[in-house]
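Before any comments, here is the structure.
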Amino acid sequence: MKKTYKIDVDCANCANKMEEAAKKTAGVADATVNFMALKMIVEFEDGQDPKAVMQEVLKNCKKVEDDCEIFL
């Protein structure tokens, strides 16, 4: 399952860091961050709860970019 989320990030480098952090999160099969559109597309592994996984994605993204925001 793929879902798209609105994000708030300041620069393209920060967006790349958020993308890498999201990809490393358990339950995420793939993730893409589009800095220009301010969107994150997340593909979840089968059987995962998107809400629970996205809470972990947000925590991991805040570790690399503490002022980022993902609108769940």
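To be explicit about the labels: the chains of the structure tokens are called A, B, and onward in the order shown, and within each one the residues are counted from 1, while ligands get numbers from 1 in the order they are shown.
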
Give me the residues within 7 Å of range 61-70 of chain A as a ChimeraX atom specification, counting only C-alpha atoms and dropping any in the same chain fewer than 3 places off. /A:5-9,14,17-18,21-22,57-58

Take the residues from that selection and write them out as a compact mmCIF listing (two decimals), in the first residue's frame, keeping N, CA and C atoms.
```txt
# COMPACT_ATOMS: atom_id res chain seq x y z
N TYR A 5 1.92 11.85 1.92
CA TYR A 5 1.80 12.75 3.07
C TYR A 5 2.39 14.10 2.72
N LYS A 6 1.75 15.16 3.24
CA LYS A 6 2.30 16.51 3.10
C LYS A 6 3.40 16.67 4.15
N ILE A 7 4.51 17.26 3.74
CA ILE A 7 5.62 17.48 4.67
C ILE A 7 6.00 18.95 4.70
N ASP A 8 6.71 19.32 5.74
CA ASP A 8 7.26 20.67 5.87
C ASP A 8 8.75 20.50 6.13
N VAL A 9 9.55 20.84 5.13
CA VAL A 9 11.00 20.68 5.23
C VAL A 9 11.65 21.90 4.58
N CYS A 14 17.84 18.41 3.46
CA CYS A 14 17.03 17.90 4.57
C CYS A 14 16.01 16.89 4.06
N LYS A 17 17.69 13.62 3.63
CA LYS A 17 17.91 12.97 4.93
C LYS A 17 16.62 12.33 5.44
N MET A 18 15.50 13.02 5.25
CA MET A 18 14.20 12.48 5.67
C MET A 18 13.86 11.23 4.87
N ALA A 21 15.92 8.35 6.20
CA ALA A 21 15.42 7.94 7.52
C ALA A 21 14.13 7.13 7.37
N ALA A 22 13.26 7.57 6.47
CA ALA A 22 11.99 6.87 6.26
C ALA A 22 12.24 5.47 5.70
N VAL A 57 8.27 6.69 11.48
CA VAL A 57 8.93 7.48 10.42
C VAL A 57 9.15 8.90 10.91
N LEU A 58 8.14 9.50 11.53
CA LEU A 58 8.27 10.87 12.03
C LEU A 58 9.37 10.97 13.08
```

Contacts of range 9-60 of chain A with range 1-4 of chain A up to 10 Å, shortest pair per row, only C-alpha atoms, as CSV:
```
residue,atom,partner,partner_atom,distance
A:Val28,CA,A:Lys2,CA,9.8
A:Ala29,CA,A:Met1,CA,9.4
A:Asp30,CA,A:Lys2,CA,9.0
A:Ala31,CA,A:Lys2,CA,9.1
A:Thr32,CA,A:Thr4,CA,9.5
A:Val33,CA,A:Thr4,CA,9.6
A:Lys39,CA,A:Thr4,CA,6.6
A:Met40,CA,A:Thr4,CA,5.6
A:Ile41,CA,A:Thr4,CA,4.4
A:Val42,CA,A:Lys3,CA,5.5
A:Glu43,CA,A:Lys2,CA,4.2
A:Phe44,CA,A:Met1,CA,5.5
A:Glu45,CA,A:Met1,CA,7.4
A:Asp46,CA,A:Met1,CA,7.4
A:Gly47,CA,A:Met1,CA,9.3
A:Gln48,CA,A:Met1,CA,9.1
A:Pro50,CA,A:Lys3,CA,8.3
```

Could you please write out, as a list of chain:residue names, every residue of chain A that DSSP assigns to strand (DSSP E or B)?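 Selecting the strand (DSSP E or B) positions of chain A gives A:Lys2, A:Lys3, A:Thr4, A:Tyr5, A:Lys6, A:Ile7, A:Asp8, A:Val28, A:Ala29, A:Asp30, A:Ala31, A:Thr32, A:Val33, A:Asn34, A:Lys39, A:Met40, A:Ile41, A:Val42, A:Glu43, A:Phe44, A:Glu69, A:Ile70, A:Phe71.
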
CA of Phe35 in chain A sits from CA of Asp49 in chain A at a separation of 25.3 Å

For each of A:Ala37, A:Glu19, A:Lys59, A:Met54, take the minimum atom-to-atom distance to Phe71 in chain A, counting only C-alpha atoms, then give the residue where this is smallest. A:Met54

I need the residues of range 21-53 of chain A that end up classed as alpha helix (DSSP H) by DSSP on the backbone, written out as a ChimeraX atom specification. /A:21-23,50-53

Using C-alpha atoms, can you export the residues from the last selection as an mmCIF file, in the first residue's frame?
```cif
data_model
loop_
_atom_site.group_PDB
_atom_site.id
_atom_site.type_symbol
_atom_site.label_atom_id
_atom_site.label_comp_id
_atom_site.auth_asym_id
_atom_site.auth_seq_id
_atom_site.Cartn_x
_atom_site.Cartn_y
_atom_site.Cartn_z
ATOM 1 C CA ALA A 21 15.424 7.937 7.517
ATOM 2 C CA ALA A 22 11.989 6.868 6.260
ATOM 3 C CA LYS A 23 13.468 4.059 4.139
ATOM 4 C CA PRO A 50 0.315 2.809 8.217
ATOM 5 C CA LYS A 51 -0.538 5.005 11.232
ATOM 6 C CA ALA A 52 1.826 3.134 13.560
ATOM 7 C CA VAL A 53 4.606 2.998 10.964
#
```
